[in-house]
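What follows is a set of notes on a single structure, which appears directly below.
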Amino acid sequence: MASDQLNFQTKKIRITIDYSRCEPATKNTSNPTCGFACVKACRLYGRNILKIEGNKPVLAVTDPKEIERLDNECVSCEYQCWARGTNCIRIEIPLPGMEEYRREVLGA
Amino acid sequence: MARIYEYQGKEILKKLGVPVPSGGVASSADEARKIAQSMGKPVVIKAQVWATGRAKAGGIKFAATPDETGKVAKEMIGSAVKGLPVEKVLVEEQLGIDREFYVGVIVNNSYKVKGPVVIFSSMGGTGIEEIAAAHPEKVATFNVDYLQGVGPEQADQLLSKLSFDGGLSPQLRTELAGVICNLYKAFKEYDARAAEINPLVVTRDRRVYAADCRFTLDDNSVFRHPEFEIKVPRDMERPPTPLEEMAWMIEQDDYRGTGYFTQMLPKLEGRGWLGFHGIGGGGAMLGASAFVARGFKIANYADTSGDPTASKVYLVIKSIFSQPIDGYVLMGACLANQEQWHHAHAIVKALREEAKERPGFPVVILLAGNKEQEAHEIIREGLKDVPLVWELYGRDYIYDTNFIADRVEALVKAYQEKKYSSKKE
């Protein structure tokens, strides 16, 4: 369900946070086991694109152009959620044609 | 420096008033035959590849009739000249050559010059370096004042410095000066790094022609010349591979650090290819040398320096793994200012994905520099449960390229033994 997701695009990547699997969002807790690792990661490695609001990670910057300008595509939120949370963040970094190429060359 | 083909260079020259032989470019034998037919005279068929010495390599042939032209073109198109695939041929009138010269405009990067230099040689046909070494009196140069440009006066002064076997008539002198001026115009108008005519010929009936030419354009100006359809604006001896074209998209229009990727050969055959990933030039190059010395074949050269985003690093790693390689090595041996934790996040994301397809695959990571400790913690944690055989080294090993090469050798050999022996079974 769209409302159960936060989905946004930066310059080259697409980030999806699945709230239906996000511990603080599902439990509506301000003290989740993950410690809001994604938001902390965004502060340490990124550009403060994420913030905590209503006990879940949301966009601190909403203008798409500003997100594109600011975000440094550190991909740390995905990693930290995997390492400390419930693995509910997916980051897609597409390169057009690569999948087809790999199928052809590597058979993968 | 992005190269263009001879036929494209000749189109530029023709546009700017430098005489070129009549003819046309063909992508098929039939097209070549038709061009020869329209000219109604003997022709020369020239493979359009970025290589010198094409004649000796079978890339330049002559034909007396249109049918013969078609036959030669059929043999040439689809073949390889000096390992480069021939997709097009240039069909031109044959010239009765009486004299050969060389004229070129290059950028001299020397701090004393830092600008264009016009070179003229009263001998042509072979490499200008060889001519200058054997006959220095036949070569003269002129440093161009960029604001002033090159006019008939400067061109004449340049020609005055030279000795010409057989002399130089006033008419020929004027024509050669015209060629010099127009070549410089072409150089400037097309943002070239080098524009050369070799040989510039005088025919037996006293006509001057650019018989062959070579243009390289400034990488950063390629966007101003879409007519050349340059897919990857880099100094390459061959057209880009499909993977290089894809990897170029990592850098295209994204100026956030370097995400460079190039393949060493258009096609990787056999075993023992190593996926190579460097950070910064020097240490990475030394690493590559150490691996080659141990018999590895480097599949690619990749560089992620200058503070690239993790997304860029990720795509470079994915490009490296898009090759049939038997190992991956990262030589991040620079104590760079870039925060290496971005590399760590990219490495973990890419390798976790790749591990699913290649259990037991050997990976050696040397990652040193700013935020090294944090980067190592991320990698150790992120790769702790992946089915790769991986080793991680830091600043203690940046001067120990041989040790890194030892580890790569050990891991890759073990992987190959397993991989290829299990295939036999």
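All residue names refer to the structure tokens as shown: chains lettered A, B, ... in order, residues numbered from 1 in each chain, ligands numbered from 1 in order.
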
For the contact check between chain A and chain B, emit one row per residue of chain A within 8 Å, containing the shortest atom pair and the distance in Å rounded to one decimal, counting only C-alpha atoms, chain then rising number order, as JSON lines.
{"residue": "A:Lys12", "atom": "CA", "partner": "B:Ser311", "partner_atom": "CA", "distance": 7.6}
{"residue": "A:Ile13", "atom": "CA", "partner": "B:Ser311", "partner_atom": "CA", "distance": 7.4}
{"residue": "A:Tyr45", "atom": "CA", "partner": "B:His342", "partner_atom": "CA", "distance": 7.6}
{"residue": "A:Asn72", "atom": "CA", "partner": "B:Thr309", "partner_atom": "CA", "distance": 6.0}
{"residue": "A:Glu73", "atom": "CA", "partner": "B:Ser311", "partner_atom": "CA", "distance": 5.7}
{"residue": "A:Cys74", "atom": "CA", "partner": "B:Ala310", "partner_atom": "CA", "distance": 4.9}
{"residue": "A:Val75", "atom": "CA", "partner": "B:Ala310", "partner_atom": "CA", "distance": 6.5}
{"residue": "A:Ser76", "atom": "CA", "partner": "B:His345", "partner_atom": "CA", "distance": 6.1}
{"residue": "A:Tyr79", "atom": "CA", "partner": "B:His345", "partner_atom": "CA", "distance": 7.0}
{"residue": "A:Ala83", "atom": "CA", "partner": "B:Gly382", "partner_atom": "CA", "distance": 7.5}
{"residue": "A:Ile93", "atom": "CA", "partner": "B:Ser311", "partner_atom": "CA", "distance": 6.6}
{"residue": "A:Leu95", "atom": "CA", "partner": "B:Met246", "partner_atom": "CA", "distance": 7.1}
{"residue": "A:Pro96", "atom": "CA", "partner": "B:Met246", "partner_atom": "CA", "distance": 7.2}
{"residue": "A:Gly97", "atom": "CA", "partner": "B:Met246", "partner_atom": "CA", "distance": 7.0}
{"residue": "A:Met98", "atom": "CA", "partner": "B:Met246", "partner_atom": "CA", "distance": 7.1}
{"residue": "A:Tyr101", "atom": "CA", "partner": "B:Leu243", "partner_atom": "CA", "distance": 7.7}
{"residue": "A:Arg102", "atom": "CA", "partner": "B:Ser322", "partner_atom": "CA", "distance": 5.7}
{"residue": "A:Val105", "atom": "CA", "partner": "B:Gln323", "partner_atom": "CA", "distance": 7.4}
{"residue": "A:Leu106", "atom": "CA", "partner": "B:Pro324", "partner_atom": "CA", "distance": 6.5}
{"residue": "A:Ala108", "atom": "CA", "partner": "B:Glu357", "partner_atom": "CA", "distance": 7.4}

Expected file: the selected residues, C-alpha atoms, as a compact mmCIF listing (two decimals), in the first residue's frame:
# COMPACT_ATOMS: atom_id res chain seq x y z
CA LYS A 12 20.46 8.65 -9.18
CA ILE A 13 18.78 6.41 -6.62
CA TYR A 45 26.88 9.88 6.76
CA ASN A 72 24.81 12.55 -1.10
CA GLU A 73 23.48 9.05 -1.83
CA CYS A 74 25.44 7.51 1.00
CA VAL A 75 23.11 4.46 1.05
CA SER A 76 23.81 4.16 4.78
CA TYR A 79 22.67 -0.71 5.61
CA ALA A 83 22.24 -4.20 10.55
CA ILE A 93 20.64 2.21 -7.97
CA LEU A 95 22.20 1.46 -14.52
CA PRO A 96 20.13 1.11 -17.70
CA GLY A 97 20.94 -2.04 -19.64
CA MET A 98 23.14 -3.66 -17.01
CA TYR A 101 24.05 -7.24 -20.32
CA ARG A 102 24.84 -9.46 -17.37
CA VAL A 105 27.60 -12.16 -20.76
CA LEU A 106 27.47 -13.97 -17.44
CA ALA A 108 23.30 -14.34 -14.46

Contact residues around B:Ala155 with only C-alpha atoms at 7 Å, ignoring same-chain residues under 3 positions, as a ChimeraX atom specification: /B:150-152,158-159,177,180-181

Taking 5 positions as the minimum chain separation for residues in the same chain, which residues sit within 8 Å of stretch 1-15 of chain B when counting only C-alpha atoms? Answer as a PyMOL selection string. chain B and resi 20+24-25+48-50+90+182-183+186+193+210+212-219+222+228+230+232-236

Would you return as an MDAnalysis selection string the members of stretch 2-172 of chain B that DSSP assigns to strand (DSSP E or B) on this structure's backbone? chainID B and resid 2:3 23:26 43:47 60:63 80:81 84:85 89:93 97:108 115:121 139:143

Separation of atom CA of B:Met331 and atom CA of B:Gly394, in Å?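 Computing the Euclidean distance for atom CA of B:Met331 and atom CA of B:Gly394 yields 10.0 Å.
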
Given only C-alpha atoms as the basis, pick out the residue of B:Pro362, B:Val103, B:Gln340, B:Leu172 nearest to B:Ala194.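 Closest residue, counting only C-alpha atoms: B:Val103.
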
Backbone DSSP call of helix (DSSP H, G or I) for chain A, listed as a ChimeraX atom specification: /A:2-4,23-27,37-44,64-70,76-84,98-105

Residue subset to file, keeping C-alpha atoms, as a PDB file, in the first residue's frame:
ATOM      1  CA  ALA A   2       1.347   3.378  -0.973  1.00  0.00           C
ATOM      2  CA  SER A   3       0.520   4.947   2.393  1.00  0.00           C
ATOM      3  CA  ASP A   4       2.577   2.236   4.085  1.00  0.00           C
ATOM      4  CA  GLU A  23       9.615  -1.438  13.962  1.00  0.00           C
ATOM      5  CA  PRO A  24       9.018   2.078  15.315  1.00  0.00           C
ATOM      6  CA  ALA A  25       6.241   2.672  12.791  1.00  0.00           C
ATOM      7  CA  THR A  26       4.412  -0.594  13.458  1.00  0.00           C
ATOM      8  CA  LYS A  27       4.779  -0.429  17.242  1.00  0.00           C
ATOM      9  CA  ALA A  37      19.359   3.756  13.002  1.00  0.00           C
ATOM     10  CA  CYS A  38      18.340   5.057   9.593  1.00  0.00           C
ATOM     11  CA  VAL A  39      17.829   8.622  10.791  1.00  0.00           C
ATOM     12  CA  LYS A  40      21.046   8.522  12.816  1.00  0.00           C
ATOM     13  CA  ALA A  41      22.885   7.238   9.732  1.00  0.00           C
ATOM     14  CA  CYS A  42      21.425  10.033   7.663  1.00  0.00           C
ATOM     15  CA  ARG A  43      22.815  12.543  10.167  1.00  0.00           C
ATOM     16  CA  LEU A  44      26.263  10.956  10.345  1.00  0.00           C
ATOM     17  CA  PRO A  64      12.112  16.974  -4.738  1.00  0.00           C
ATOM     18  CA  LYS A  65      14.628  19.380  -6.255  1.00  0.00           C
ATOM     19  CA  GLU A  66      16.076  20.139  -2.845  1.00  0.00           C
ATOM     20  CA  ILE A  67      16.325  16.404  -2.080  1.00  0.00           C
ATOM     21  CA  GLU A  68      18.192  15.916  -5.341  1.00  0.00           C
ATOM     22  CA  ARG A  69      20.537  18.791  -4.556  1.00  0.00           C
ATOM     23  CA  LEU A  70      21.198  17.847  -0.956  1.00  0.00           C
ATOM     24  CA  SER A  76      23.812   4.162   4.778  1.00  0.00           C
ATOM     25  CA  CYS A  77      20.143   4.102   5.848  1.00  0.00           C
ATOM     26  CA  GLU A  78      19.600   0.820   4.018  1.00  0.00           C
ATOM     27  CA  TYR A  79      22.673  -0.710   5.609  1.00  0.00           C
ATOM     28  CA  GLN A  80      21.920   0.510   9.129  1.00  0.00           C
ATOM     29  CA  CYS A  81      18.323  -0.688   8.929  1.00  0.00           C
ATOM     30  CA  TRP A  82      19.583  -4.081   7.792  1.00  0.00           C
ATOM     31  CA  ALA A  83      22.243  -4.198  10.552  1.00  0.00           C
ATOM     32  CA  ARG A  84      20.215  -2.776  13.427  1.00  0.00           C
ATOM     33  CA  MET A  98      23.143  -3.665 -17.008  1.00  0.00           C
ATOM     34  CA  GLU A  99      20.804  -6.494 -16.076  1.00  0.00           C
ATOM     35  CA  GLU A 100      20.307  -7.495 -19.711  1.00  0.00           C
ATOM     36  CA  TYR A 101      24.047  -7.240 -20.319  1.00  0.00           C
ATOM     37  CA  ARG A 102      24.837  -9.462 -17.367  1.00  0.00           C
ATOM     38  CA  ARG A 103      22.305 -12.051 -18.470  1.00  0.00           C
ATOM     39  CA  GLU A 104      23.957 -12.127 -21.873  1.00  0.00           C
ATOM     40  CA  VAL A 105      27.601 -12.158 -20.757  1.00  0.00           C
TER      41      VAL A 105
END

Would you mind listing what lies within 12 Å of B:Ser79 as a VMD selection string, with only C-alpha atoms counted and same-chain residues fewer than 5 positions away left out? chain B and resid 47 to 49 57 to 59 72 to 74 84 to 89

B:Lys384 surroundings by only C-alpha atoms, 12 Å radius, close-in-sequence under 5 positions cut, as a PyMOL selection string: (chain A and resi 83) or (chain B and resi 348+351-352+355+376-379+389-392)

Since we have the selection now, will you write its residues out, keeping C-alpha atoms, as a short mmCIF file (atom, residue, chain, number, x, y, z; two decimals), in the first residue's frame?
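See out.cif below for the written result:
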data_model
loop_
_atom_site.label_atom_id
_atom_site.label_comp_id
_atom_site.auth_asym_id
_atom_site.auth_seq_id
_atom_site.Cartn_x
_atom_site.Cartn_y
_atom_site.Cartn_z
CA ALA A 83 22.24 -4.20 10.55
CA VAL B 348 28.82 -4.00 1.42
CA LEU B 351 29.14 -7.55 -2.47
CA ARG B 352 26.12 -8.78 -0.56
CA ALA B 355 27.71 -13.11 -3.19
CA HIS B 376 36.44 -1.33 8.27
CA GLU B 377 33.83 -1.84 10.97
CA ILE B 378 31.06 -1.42 8.40
CA ILE B 379 32.72 -3.88 6.02
CA VAL B 389 36.15 -15.49 0.69
CA TRP B 390 37.24 -12.01 1.60
CA GLU B 391 40.12 -10.28 3.34
CA LEU B 392 40.36 -6.68 4.48
#

Atom pair atom CA of B:Val201 / atom CA of B:Arg99: separation (Å):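 Between atom CA of B:Val201 and atom CA of B:Arg99 the gap works out to 5.6 Å.
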
Selected residue, from A:Asp71, A:Thr33, A:Ile91, A:Val58, that lies nearest to A:Gln5 when counting only C-alpha atoms: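 Closest to A:Gln5 of all the choices is A:Val58.
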
I want to know what sits within 10 Å of stretch 139-148 of chain B, based on only C-alpha atoms, with residues of the same chain fewer than 5 positions away left out; could you give that as a VMD selection string? chain B and resid 101 to 108 113 to 123 128 to 129 131 to 133 154 to 155 157 to 163 184 188

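Within 12 Å of B:Lys419, once only C-alpha atoms are used and residues closer than 6 positions along the same chain are dropped, the contacting residues are Arg271, Gly272, Ile325, Asp326, Gly327, Arg358, Pro359, Gly360, Phe361, Pro362, Val412, Lys413 and Glu425 of chain B.
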
Atomic separation - atom CA of B:Glu189 relative to atom CA of B:Arg224, Å: 10.4 Å

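Considering only C-alpha atoms, the residue among B:Lys82, B:Val44, B:Thr52, B:Asp303 positioned nearest to B:Glu68 is B:Val44.
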